[in-house]
>>> print(open('data-v4.pdb').read())   # PDB, C-alpha atoms and all ligand atoms
MODEL        1
ATOM      1  CA  MET A   1      96.876 127.170  99.659  1.00  0.00           C
ATOM      2  CA  LYS A   2      95.376 127.933  96.286  1.00  0.00           C
ATOM      3  CA  SER A   3      92.671 130.464  95.712  1.00  0.00           C
ATOM      4  CA  THR A   4      90.016 127.910  94.815  1.00  0.00           C
ATOM      5  CA  GLN A   5      90.557 126.077  98.049  1.00  0.00           C
ATOM      6  CA  ILE A   6      90.529 129.271 100.062  1.00  0.00           C
ATOM      7  CA  TYR A   7      87.347 130.241  98.281  1.00  0.00           C
ATOM      8  CA  ILE A   8      85.685 126.927  99.079  1.00  0.00           C
ATOM      9  CA  LEU A   9      86.928 126.850 102.649  1.00  0.00           C
ATOM     10  CA  ALA A  10      85.807 130.404 103.229  1.00  0.00           C
ATOM     11  CA  SER A  11      82.387 129.541 101.876  1.00  0.00           C
ATOM     12  CA  LEU A  12      82.130 126.515 104.114  1.00  0.00           C
ATOM     13  CA  THR A  13      83.241 128.491 107.128  1.00  0.00           C
ATOM     14  CA  SER A  14      80.714 131.215 106.581  1.00  0.00           C
ATOM     15  CA  LEU A  15      78.168 128.512 105.951  1.00  0.00           C
ATOM     16  CA  ALA A  16      78.880 126.925 109.278  1.00  0.00           C
ATOM     17  CA  CYS A  17      78.828 130.255 111.039  1.00  0.00           C
ATOM     18  CA  SER A  18      75.637 131.542 109.551  1.00  0.00           C
ATOM     19  CA  GLN A  19      72.278 130.011 108.994  1.00  0.00           C
ATOM     20  CA  LEU A  20      72.738 130.408 105.289  1.00  0.00           C
ATOM     21  CA  ILE A  21      72.312 127.134 103.535  1.00  0.00           C
ATOM     22  CA  ALA A  22      74.345 127.418 100.406  1.00  0.00           C
ATOM     23  CA  LEU A  23      77.175 125.569  98.819  1.00  0.00           C
ATOM     24  CA  PRO A  24      80.625 126.730  97.983  1.00  0.00           C
ATOM     25  CA  LEU A  25      80.023 129.426  95.428  1.00  0.00           C
ATOM     26  CA  SER A  26      82.348 127.808  92.940  1.00  0.00           C
ATOM     27  CA  PHE A  27      79.911 124.931  92.629  1.00  0.00           C
ATOM     28  CA  LYS A  28      76.914 127.122  92.142  1.00  0.00           C
ATOM     29  CA  ARG A  29      78.041 128.150  88.711  1.00  0.00           C
ATOM     30  CA  LEU A  30      77.887 124.539  87.587  1.00  0.00           C
ATOM     31  CA  THR A  31      74.257 123.999  88.429  1.00  0.00           C
ATOM     32  CA  PRO A  32      71.105 125.590  87.117  1.00  0.00           C
ATOM     33  CA  HIS A  33      69.983 128.665  88.934  1.00  0.00           C
ATOM     34  CA  SER A  34      66.580 127.120  89.487  1.00  0.00           C
ATOM     35  CA  LEU A  35      68.109 124.590  91.863  1.00  0.00           C
ATOM     36  CA  TRP A  36      68.971 127.362  94.262  1.00  0.00           C
ATOM     37  CA  ASN A  37      65.736 129.180  94.215  1.00  0.00           C
ATOM     38  CA  ARG A  38      63.310 126.343  93.971  1.00  0.00           C
ATOM     39  CA  PRO A  39      59.915 127.810  94.675  1.00  0.00           C
ATOM     40  CA  GLU A  40      58.089 126.430  97.658  1.00  0.00           C
ATOM     41  CA  GLN A  41      55.918 123.688  96.266  1.00  0.00           C
ATOM     42  CA  GLN A  42      53.395 123.447  99.020  1.00  0.00           C
ATOM     43  CA  PRO A  43      51.585 126.768  98.580  1.00  0.00           C
ATOM     44  CA  ILE A  44      51.408 126.180  94.828  1.00  0.00           C
ATOM     45  CA  MET A  45      49.879 122.763  95.389  1.00  0.00           C
ATOM     46  CA  ASP A  46      47.392 124.261  97.788  1.00  0.00           C
ATOM     47  CA  ALA A  47      46.474 126.877  95.252  1.00  0.00           C
ATOM     48  CA  VAL A  48      45.815 124.430  92.448  1.00  0.00           C
ATOM     49  CA  SER A  49      44.378 121.618  94.537  1.00  0.00           C
ATOM     50  CA  PRO A  50      41.893 123.097  96.962  1.00  0.00           C
ATOM     51  CA  ALA A  51      40.380 119.632  97.308  1.00  0.00           C
ATOM     52  CA  LEU A  52      43.448 118.190  99.079  1.00  0.00           C
ATOM     53  CA  PRO A  53      42.494 116.633 102.400  1.00  0.00           C
ATOM     54  CA  PRO A  54      43.484 118.592 105.512  1.00  0.00           C
ATOM     55  CA  GLY A  55      47.089 118.063 106.586  1.00  0.00           C
ATOM     56  CA  GLN A  56      48.410 117.443 103.092  1.00  0.00           C
ATOM     57  CA  GLY A  57      49.259 121.039 102.563  1.00  0.00           C
ATOM     58  CA  ASN A  58      51.220 121.515 105.757  1.00  0.00           C
ATOM     59  CA  PRO A  59      54.948 121.462 105.125  1.00  0.00           C
ATOM     60  CA  GLY A  60      55.645 121.358 108.851  1.00  0.00           C
ATOM     61  CA  SER A  61      53.889 118.070 109.486  1.00  0.00           C
ATOM     62  CA  GLY A  62      56.176 115.084 108.736  1.00  0.00           C
ATOM     63  CA  GLY A  63      55.743 111.718 110.338  1.00  0.00           C
ATOM     64  CA  GLY A  64      55.799 109.877 107.027  1.00  0.00           C
ATOM     65  CA  GLN A  65      52.439 111.154 105.934  1.00  0.00           C
ATOM     66  CA  GLY A  66      51.068 113.570 103.447  1.00  0.00           C
ATOM     67  CA  SER A  67      53.198 115.137 100.775  1.00  0.00           C
ATOM     68  CA  VAL A  68      56.208 116.193 102.837  1.00  0.00           C
ATOM     69  CA  ILE A  69      59.321 114.742 101.222  1.00  0.00           C
ATOM     70  CA  LEU A  70      63.042 114.606 101.921  1.00  0.00           C
ATOM     71  CA  SER A  71      63.876 117.743  99.962  1.00  0.00           C
ATOM     72  CA  ASP A  72      61.474 119.683 102.200  1.00  0.00           C
ATOM     73  CA  VAL A  73      63.142 118.624 105.439  1.00  0.00           C
ATOM     74  CA  MET A  74      66.870 118.424 104.628  1.00  0.00           C
ATOM     75  CA  GLY A  75      67.358 122.015 105.717  1.00  0.00           C
ATOM     76  CA  ARG A  76      65.484 121.673 108.965  1.00  0.00           C
ATOM     77  CA  ASP A  77      68.294 120.675 111.264  1.00  0.00           C
ATOM     78  CA  ARG A  78      71.143 123.154 111.420  1.00  0.00           C
ATOM     79  CA  SER A  79      73.540 120.544 112.785  1.00  0.00           C
ATOM     80  CA  ILE A  80      73.679 118.964 109.310  1.00  0.00           C
ATOM     81  CA  ASN A  81      73.417 122.041 107.127  1.00  0.00           C
ATOM     82  CA  ILE A  82      76.771 121.530 105.401  1.00  0.00           C
ATOM     83  CA  PHE A  83      75.688 118.121 104.147  1.00  0.00           C
ATOM     84  CA  ALA A  84      72.217 119.435 103.318  1.00  0.00           C
ATOM     85  CA  GLY A  85      73.877 122.078 101.151  1.00  0.00           C
ATOM     86  CA  PHE A  86      75.823 119.399  99.320  1.00  0.00           C
ATOM     87  CA  THR A  87      72.655 117.421  98.563  1.00  0.00           C
ATOM     88  CA  ARG A  88      71.073 120.501  97.053  1.00  0.00           C
ATOM     89  CA  ASP A  89      74.095 121.136  94.885  1.00  0.00           C
ATOM     90  CA  ILE A  90      74.322 117.691  93.324  1.00  0.00           C
ATOM     91  CA  GLU A  91      71.565 117.703  90.743  1.00  0.00           C
ATOM     92  CA  SER A  92      70.971 113.932  90.621  1.00  0.00           C
ATOM     93  CA  ILE A  93      70.697 113.776  94.401  1.00  0.00           C
ATOM     94  CA  SER A  94      68.539 116.832  94.720  1.00  0.00           C
ATOM     95  CA  ARG A  95      66.188 115.352  92.099  1.00  0.00           C
ATOM     96  CA  ARG A  96      66.091 112.072  93.974  1.00  0.00           C
ATOM     97  CA  LEU A  97      65.229 113.689  97.305  1.00  0.00           C
ATOM     98  CA  ASP A  98      62.593 115.724  95.514  1.00  0.00           C
ATOM     99  CA  ASN A  99      60.988 112.637  93.966  1.00  0.00           C
ATOM    100  CA  SER A 100      58.190 111.173  96.057  1.00  0.00           C
ATOM    101  CA  ALA A 101      58.411 107.892  94.117  1.00  0.00           C
ATOM    102  CA  GLN A 102      62.037 107.172  95.122  1.00  0.00           C
ATOM    103  CA  ASN A 103      62.706 106.266  98.727  1.00  0.00           C
ATOM    104  CA  SER A 104      66.040 106.965 100.394  1.00  0.00           C
ATOM    105  CA  THR A 105      67.636 106.769 103.803  1.00  0.00           C
ATOM    106  CA  VAL A 106      69.850 109.840 103.992  1.00  0.00           C
ATOM    107  CA  LEU A 107      72.835 109.392 106.295  1.00  0.00           C
ATOM    108  CA  ALA A 108      73.632 113.002 107.091  1.00  0.00           C
ATOM    109  CA  PRO A 109      76.933 113.586 108.898  1.00  0.00           C
ATOM    110  CA  LEU A 110      77.028 116.297 111.546  1.00  0.00           C
ATOM    111  CA  ASN A 111      78.708 119.545 110.471  1.00  0.00           C
ATOM    112  CA  SER A 112      81.443 118.829 113.008  1.00  0.00           C
ATOM    113  CA  ALA A 113      82.199 115.477 111.363  1.00  0.00           C
ATOM    114  CA  ILE A 114      82.657 117.152 107.984  1.00  0.00           C
ATOM    115  CA  GLU A 115      84.674 120.039 109.426  1.00  0.00           C
ATOM    116  CA  ASN A 116      87.068 117.659 111.153  1.00  0.00           C
ATOM    117  CA  LEU A 117      87.848 115.508 108.151  1.00  0.00           C
ATOM    118  CA  PRO A 118      91.554 115.144 107.411  1.00  0.00           C
ATOM    119  CA  ARG A 119      90.758 115.908 103.774  1.00  0.00           C
ATOM    120  CA  LYS A 120      87.816 117.826 102.434  1.00  0.00           C
ATOM    121  CA  PRO A 121      84.973 115.971 100.709  1.00  0.00           C
ATOM    122  CA  TRP A 122      86.056 117.341  97.327  1.00  0.00           C
ATOM    123  CA  GLU A 123      89.691 116.327  97.742  1.00  0.00           C
ATOM    124  CA  ASP A 124      91.038 113.057  96.415  1.00  0.00           C
ATOM    125  CA  PRO A 125      94.649 112.142  97.163  1.00  0.00           C
ATOM    126  CA  ALA A 126      94.851 110.567  93.692  1.00  0.00           C
ATOM    127  CA  ASP A 127      94.113 113.968  92.112  1.00  0.00           C
ATOM    128  CA  TYR A 128      96.973 115.561  94.047  1.00  0.00           C
ATOM    129  CA  ASP A 129      99.250 112.665  93.068  1.00  0.00           C
ATOM    130  CA  THR A 130      98.615 113.082  89.360  1.00  0.00           C
ATOM    131  CA  LEU A 131      97.973 116.833  89.162  1.00  0.00           C
ATOM    132  CA  GLY A 132      99.806 118.302  92.103  1.00  0.00           C
ATOM    133  CA  ALA A 133      98.694 121.193  94.253  1.00  0.00           C
ATOM    134  CA  ASP A 134      96.723 122.760  91.382  1.00  0.00           C
ATOM    135  CA  ALA A 135      94.362 119.790  91.160  1.00  0.00           C
ATOM    136  CA  TYR A 136      91.291 121.905  91.913  1.00  0.00           C
ATOM    137  CA  GLU A 137      92.274 125.030  90.007  1.00  0.00           C
ATOM    138  CA  GLY A 138      90.366 126.348  87.043  1.00  0.00           C
ATOM    139  CA  GLU A 139      87.306 124.930  85.357  1.00  0.00           C
ATOM    140  CA  ASP A 140      88.647 121.366  85.170  1.00  0.00           C
ATOM    141  CA  GLY A 141      89.529 121.575  88.815  1.00  0.00           C
ATOM    142  CA  GLN A 142      86.044 122.667  89.734  1.00  0.00           C
ATOM    143  CA  GLU A 143      84.548 119.810  87.778  1.00  0.00           C
ATOM    144  CA  ARG A 144      86.905 117.444  89.547  1.00  0.00           C
ATOM    145  CA  ALA A 145      85.870 118.840  92.911  1.00  0.00           C
ATOM    146  CA  GLN A 146      82.228 118.562  91.950  1.00  0.00           C
ATOM    147  CA  ARG A 147      82.698 114.917  90.946  1.00  0.00           C
ATOM    148  CA  ASN A 148      84.429 114.112  94.208  1.00  0.00           C
ATOM    149  CA  ILE A 149      81.790 115.804  96.301  1.00  0.00           C
ATOM    150  CA  ARG A 150      79.118 113.926  94.408  1.00  0.00           C
ATOM    151  CA  ARG A 151      80.839 110.663  95.290  1.00  0.00           C
ATOM    152  CA  PHE A 152      80.966 111.773  98.917  1.00  0.00           C
ATOM    153  CA  VAL A 153      77.259 112.575  98.996  1.00  0.00           C
ATOM    154  CA  GLU A 154      76.260 109.404  97.140  1.00  0.00           C
ATOM    155  CA  ALA A 155      78.115 107.276  99.688  1.00  0.00           C
ATOM    156  CA  HIS A 156      75.627 108.657 102.233  1.00  0.00           C
ATOM    157  CA  ILE A 157      72.413 107.946 100.333  1.00  0.00           C
ATOM    158  CA  VAL A 158      70.994 104.472 100.890  1.00  0.00           C
ATOM    159  CA  PRO A 159      68.521 103.874  98.067  1.00  0.00           C
ATOM    160  CA  SER A 160      65.827 102.322 100.207  1.00  0.00           C
ATOM    161  CA  SER A 161      63.552 103.186 103.090  1.00  0.00           C
ATOM    162  CA  PRO A 162      62.468 101.626 105.325  1.00  0.00           C
ATOM    163  CA  TRP A 163      65.962 100.180 105.819  1.00  0.00           C
ATOM    164  CA  PRO A 164      65.677  97.128 108.081  1.00  0.00           C
ATOM    165  CA  LYS A 165      68.332  96.230 110.617  1.00  0.00           C
ATOM    166  CA  ASN A 166      71.202  94.129 109.220  1.00  0.00           C
ATOM    167  CA  GLU A 167      69.965  94.502 105.665  1.00  0.00           C
ATOM    168  CA  LYS A 168      72.911  95.017 103.332  1.00  0.00           C
ATOM    169  CA  VAL A 169      72.356  97.703 100.738  1.00  0.00           C
ATOM    170  CA  LYS A 170      74.780  99.437  98.400  1.00  0.00           C
ATOM    171  CA  PRO A 171      74.587 103.198  98.775  1.00  0.00           C
ATOM    172  CA  ILE A 172      74.226 105.048  95.479  1.00  0.00           C
ATOM    173  CA  GLY A 173      77.332 104.876  93.314  1.00  0.00           C
ATOM    174  CA  SER A 174      78.956 102.506  95.779  1.00  0.00           C
ATOM    175  CA  ASN A 175      80.419  99.069  95.145  1.00  0.00           C
ATOM    176  CA  THR A 176      80.381  98.031  98.755  1.00  0.00           C
ATOM    177  CA  GLN A 177      77.452  97.312 101.006  1.00  0.00           C
ATOM    178  CA  ALA A 178      76.346  99.111 104.109  1.00  0.00           C
ATOM    179  CA  TRP A 179      74.103  97.901 106.917  1.00  0.00           C
ATOM    180  CA  TRP A 180      73.296  98.869 110.475  1.00  0.00           C
ATOM    181  CA  GLU A 181      73.356  97.080 113.795  1.00  0.00           C
ATOM    182  CA  GLU A 182      72.032  98.002 117.175  1.00  0.00           C
ATOM    183  CA  LYS A 183      74.367  98.051 120.179  1.00  0.00           C
ATOM    184  CA  ASP A 184      72.893  98.984 123.559  1.00  0.00           C
ATOM    185  CA  GLY A 185      70.023 100.717 121.824  1.00  0.00           C
ATOM    186  CA  VAL A 186      72.310 102.751 119.574  1.00  0.00           C
ATOM    187  CA  ARG A 187      72.269 102.252 115.826  1.00  0.00           C
ATOM    188  CA  MET A 188      75.691 101.804 114.285  1.00  0.00           C
ATOM    189  CA  ILE A 189      76.285 102.042 110.542  1.00  0.00           C
ATOM    190  CA  GLN A 190      78.643  99.383 109.248  1.00  0.00           C
ATOM    191  CA  PRO A 191      81.273  99.129 108.134  1.00  0.00           C
ATOM    192  CA  GLY A 192      82.923 101.864 110.140  1.00  0.00           C
ATOM    193  CA  ASN A 193      80.986 101.770 113.420  1.00  0.00           C
ATOM    194  CA  ILE A 194      79.377 105.128 112.724  1.00  0.00           C
ATOM    195  CA  GLU A 195      76.912 106.081 115.415  1.00  0.00           C
ATOM    196  CA  VAL A 196      73.446 107.267 114.460  1.00  0.00           C
ATOM    197  CA  VAL A 197      72.728 110.290 116.654  1.00  0.00           C
ATOM    198  CA  SER A 198      69.051 110.509 115.809  1.00  0.00           C
ATOM    199  CA  ILE A 199      66.451 109.999 113.153  1.00  0.00           C
ATOM    200  CA  ALA A 200      65.785 113.606 112.343  1.00  0.00           C
ATOM    201  CA  SER A 201      62.879 113.197 109.927  1.00  0.00           C
ATOM    202  CA  THR A 202      60.554 110.541 108.649  1.00  0.00           C
ATOM    203  CA  VAL A 203      58.683 111.648 105.544  1.00  0.00           C
ATOM    204  CA  ALA A 204      56.858 110.172 102.562  1.00  0.00           C
ATOM    205  CA  ASN A 205      59.968 109.191 100.579  1.00  0.00           C
ATOM    206  CA  GLY A 206      62.357 108.241 103.342  1.00  0.00           C
ATOM    207  CA  GLU A 207      64.212 109.200 106.469  1.00  0.00           C
ATOM    208  CA  VAL A 208      67.066 111.488 107.477  1.00  0.00           C
ATOM    209  CA  TRP A 209      69.460 109.911 109.951  1.00  0.00           C
ATOM    210  CA  ILE A 210      72.005 112.170 111.598  1.00  0.00           C
ATOM    211  CA  ILE A 211      75.337 110.378 111.958  1.00  0.00           C
ATOM    212  CA  LYS A 212      78.457 111.173 113.972  1.00  0.00           C
ATOM    213  CA  GLY A 213      81.075 110.381 111.373  1.00  0.00           C
ATOM    214  CA  VAL A 214      81.343 110.050 107.619  1.00  0.00           C
ATOM    215  CA  ARG A 215      81.336 106.924 105.486  1.00  0.00           C
ATOM    216  CA  ASN A 216      84.504 106.070 103.651  1.00  0.00           C
ATOM    217  CA  TYR A 217      84.559 108.217 100.500  1.00  0.00           C
TER     218      TYR A 217
HETATM  219  C1  LIG B   1      58.566 104.302 100.795  1.00  0.00           C
HETATM  220  O1  LIG B   1      58.427 104.878 102.085  1.00  0.00           O
HETATM  221  C2  LIG B   1      57.082 104.906 102.555  1.00  0.00           C
HETATM  222  C3  LIG B   1      57.081 105.674 103.868  1.00  0.00           C
HETATM  223  O2  LIG B   1      57.891 105.047 104.811  1.00  0.00           O
HETATM  224  C4  LIG B   1      56.550 103.499 102.684  1.00  0.00           C
HETATM  225  O3  LIG B   1      55.216 103.536 103.118  1.00  0.00           O
HETATM  226  C5  LIG B   1      56.656 102.794 101.343  1.00  0.00           C
HETATM  227  O4  LIG B   1      56.256 101.444 101.469  1.00  0.00           O
HETATM  228  C6  LIG B   1      58.081 102.872 100.812  1.00  0.00           C
HETATM  229  N1  LIG B   1      58.130 102.311  99.476  1.00  0.00           N
HETATM  230  C7  LIG B   1      59.027 101.401  99.148  1.00  0.00           C
HETATM  231  C8  LIG B   1      58.989 100.941  97.722  1.00  0.00           C
HETATM  232  O5  LIG B   1      59.863 100.967  99.934  1.00  0.00           O
ENDMDL
END
>>> encode(input="data-v4.pdb", output="structure tokens")
Amino acid sequence: MKSTQIYILASLTSLACSQLIALPLSFKRLTPHSLWNRPEQQPIMDAVSPALPPGQGNPGSGGGQGSVILSDVMGRDRSINIFAGFTRDIESISRRLDNSAQNSTVLAPLNSAIENLPRKPWEDPADYDTLGADAYEGEDGQERAQRNIRRFVEAHIVPSSPWPKNEKVKPIGSNTQAWWEEKDGVRMIQPGNIEVVSIASTVANGEVWIIKGVRNY
């Protein structure tokens, strides 16, 4: 195994074992520092807008009201903190989840689903075919890994919310449609028969659905 992979795997492992929500360190270098230390917006808003109605300044409220948005709640549930870390690392996604004018349904795979994948989200068999075992070495390799992980994350962001049953929507960056059905009261994402474990959050710009598997990436 190459050092980059060990590095990434070690980061993911420590991520899963701790409550730290961070991405593989190798990716951090590619994104602006501000992404990682985004100041809490709520207190600032309170400070400059004392006239906000009660409830609007409470980041713990939710329920689709007030100013709580997806980026505020992605880190709430530890069972999806690997995926949540990915969304923070991909700038276009993190901007989207931070934008109250863009609704999304985030299909967040459980940590266990990501950990059990036969290949990691940043690995593409085609890269190994053309570049061999060093595919993710060096700066080019890191960019390749970053691109692949972005594709993985995008396949799990449905660009609309509410997302009605049976409505076919193309996830971001995807050429194929996704929809969901209900079987015995359980929501199943199609294609792939991926069970929705729960709807973890409903906020002003969308919902976070926790899912048991991953979409094809
Ligand atoms: C965005 O989501 C909110 C909260 O569910 C909803 O009220 C609003 O109609 C949605 N906007 C669009 C364009 O779907």
>>> residues_near_ligand(input="data-v4.pdb", ligand="ligand LIG 1 (chain B)", cutoff="10 Å", atoms="all atoms listed in the file", output="list in words")
Gly63, Gly64, Gln65, Gly66, Ile69, Ser100, Ala101, Gln102, Asn103, Ser104, Thr105, Pro159, Ser160, Ser161, Pro162, Trp163, Thr202, Val203, Ala204, Asn205, Gly206 and Glu207 of chain A
>>> resolve_selection(input="data-v4.pdb", expression="the PyMOL selection byres (((chain A and resi 181) around 9) and not hetatm)", output="MDAnalysis selection string")
chainID A and resid 165:166 179:180 182:183 186:190 193
>>> residues_near_point(input="data-v4.pdb", point="(61.4, 117.0, 103.1)", cutoff="8 Å", atoms="all atoms listed in the file", output="PDB file with C-alpha atoms, in the coordinates of the input")
ATOM      1  CA  GLY A  62      56.176 115.084 108.736  1.00  0.00           C
ATOM      2  CA  VAL A  68      56.208 116.193 102.837  1.00  0.00           C
ATOM      3  CA  ILE A  69      59.321 114.742 101.222  1.00  0.00           C
ATOM      4  CA  LEU A  70      63.042 114.606 101.921  1.00  0.00           C
ATOM      5  CA  SER A  71      63.876 117.743  99.962  1.00  0.00           C
ATOM      6  CA  ASP A  72      61.474 119.683 102.200  1.00  0.00           C
ATOM      7  CA  VAL A  73      63.142 118.624 105.439  1.00  0.00           C
ATOM      8  CA  MET A  74      66.870 118.424 104.628  1.00  0.00           C
ATOM      9  CA  LEU A  97      65.229 113.689  97.305  1.00  0.00           C
ATOM     10  CA  ASP A  98      62.593 115.724  95.514  1.00  0.00           C
ATOM     11  CA  SER A 201      62.879 113.197 109.927  1.00  0.00           C
ATOM     12  CA  VAL A 203      58.683 111.648 105.544  1.00  0.00           C
TER      13      VAL A 203
END
>>> atom_distance(input="data-v4.pdb", atom1="atom CA of Ser67 of chain A", atom2="atom CA of Lys168 of chain A")
28.3 Å
>>> resolve_selection(input="data-v4.pdb", expression="the PyMOL selection byres (((chain A and resi 107-121) around 6) and not hetatm)", output="VMD selection string")
chain A and resid 79 to 80 82 106 122 to 123 149 156 209 to 214
>>> resolve_selection(input="data-v4.pdb", expression="the PyMOL selection byres (((chain A and resi 133-147) around 7) and not hetatm)", output="PyMOL selection string")
chain A and resi 4+27+122-123+127-128+131-132+148-151
>>> closest_residue(input="data-v4.pdb", among="A:Asp124, A:Arg96, A:Gly192, A:Lys170", to="Phe152 of chain A", atoms="only C-alpha atoms")
A:Asp124
>>> atom_distance(input="data-v4.pdb", atom1="atom CA of Arg88 of chain A", atom2="atom CA of Val196 of chain A")
22.0 Å
>>> atom_distance(input="data-v4.pdb", atom1="atom CA of Arg215 of chain A", atom2="atom CA of Arg95 of chain A")
21.9 Å
>>> closest_residue(input="data-v4.pdb", among="A:Pro191, A:Glu167, A:Asn99, A:Asp77", to="Val208 of chain A", atoms="all atoms listed in the file")
A:Asp77
>>> closest_residue(input="data-v4.pdb", among="A:Ala200, A:Ile172, A:Ala178, A:Ala126", to="Val153 of chain A", atoms="all atoms listed in the file")
A:Ile172
>>> decode(input="data-v4.pdb", residues="segment 121-134 of chain A", atoms="N, CA and C atoms", output="PDB file, in the first residue's frame")
ATOM      1  N   PRO A 121     -14.063   5.672  -1.621  1.00  0.00           N
ATOM      2  CA  PRO A 121     -14.759   6.657  -2.460  1.00  0.00           C
ATOM      3  C   PRO A 121     -13.830   7.434  -3.401  1.00  0.00           C
ATOM      4  N   TRP A 122     -12.549   7.491  -3.078  1.00  0.00           N
ATOM      5  CA  TRP A 122     -11.639   8.251  -3.945  1.00  0.00           C
ATOM      6  C   TRP A 122     -10.919   7.342  -4.945  1.00  0.00           C
ATOM      7  N   GLU A 123     -11.255   6.061  -4.930  1.00  0.00           N
ATOM      8  CA  GLU A 123     -10.591   5.141  -5.854  1.00  0.00           C
ATOM      9  C   GLU A 123     -11.469   4.865  -7.065  1.00  0.00           C
ATOM     10  N   ASP A 124     -10.845   4.887  -8.234  1.00  0.00           N
ATOM     11  CA  ASP A 124     -11.547   4.570  -9.463  1.00  0.00           C
ATOM     12  C   ASP A 124     -10.727   3.497 -10.181  1.00  0.00           C
ATOM     13  N   PRO A 125     -11.348   2.357 -10.452  1.00  0.00           N
ATOM     14  CA  PRO A 125     -10.597   1.273 -11.095  1.00  0.00           C
ATOM     15  C   PRO A 125      -9.918   1.744 -12.385  1.00  0.00           C
ATOM     16  N   ALA A 126     -10.551   2.690 -13.085  1.00  0.00           N
ATOM     17  CA  ALA A 126      -9.980   3.186 -14.340  1.00  0.00           C
ATOM     18  C   ALA A 126      -8.635   3.875 -14.091  1.00  0.00           C
ATOM     19  N   ASP A 127      -8.522   4.573 -12.938  1.00  0.00           N
ATOM     20  CA  ASP A 127      -7.250   5.227 -12.610  1.00  0.00           C
ATOM     21  C   ASP A 127      -6.158   4.181 -12.405  1.00  0.00           C
ATOM     22  N   TYR A 128      -6.490   3.095 -11.706  1.00  0.00           N
ATOM     23  CA  TYR A 128      -5.494   2.046 -11.485  1.00  0.00           C
ATOM     24  C   TYR A 128      -5.118   1.382 -12.810  1.00  0.00           C
ATOM     25  N   ASP A 129      -6.123   1.225 -13.700  1.00  0.00           N
ATOM     26  CA  ASP A 129      -5.849   0.606 -14.996  1.00  0.00           C
ATOM     27  C   ASP A 129      -4.841   1.419 -15.795  1.00  0.00           C
ATOM     28  N   THR A 130      -5.055   2.744 -15.825  1.00  0.00           N
ATOM     29  CA  THR A 130      -4.170   3.564 -16.657  1.00  0.00           C
ATOM     30  C   THR A 130      -2.888   3.960 -15.926  1.00  0.00           C
ATOM     31  N   LEU A 131      -2.936   4.113 -14.619  1.00  0.00           N
ATOM     32  CA  LEU A 131      -1.787   4.674 -13.900  1.00  0.00           C
ATOM     33  C   LEU A 131      -1.102   3.697 -12.952  1.00  0.00           C
ATOM     34  N   GLY A 132      -1.734   2.567 -12.746  1.00  0.00           N
ATOM     35  CA  GLY A 132      -1.139   1.582 -11.854  1.00  0.00           C
ATOM     36  C   GLY A 132      -1.318   1.927 -10.389  1.00  0.00           C
ATOM     37  N   ALA A 133      -0.537   1.281  -9.564  1.00  0.00           N
ATOM     38  CA  ALA A 133      -0.705   1.388  -8.114  1.00  0.00           C
ATOM     39  C   ALA A 133      -0.399   2.788  -7.586  1.00  0.00           C
ATOM     40  N   ASP A 134       0.313   3.594  -8.383  1.00  0.00           N
ATOM     41  CA  ASP A 134       0.674   4.945  -7.942  1.00  0.00           C
ATOM     42  C   ASP A 134      -0.381   6.000  -8.283  1.00  0.00           C
TER      43      ASP A 134
END
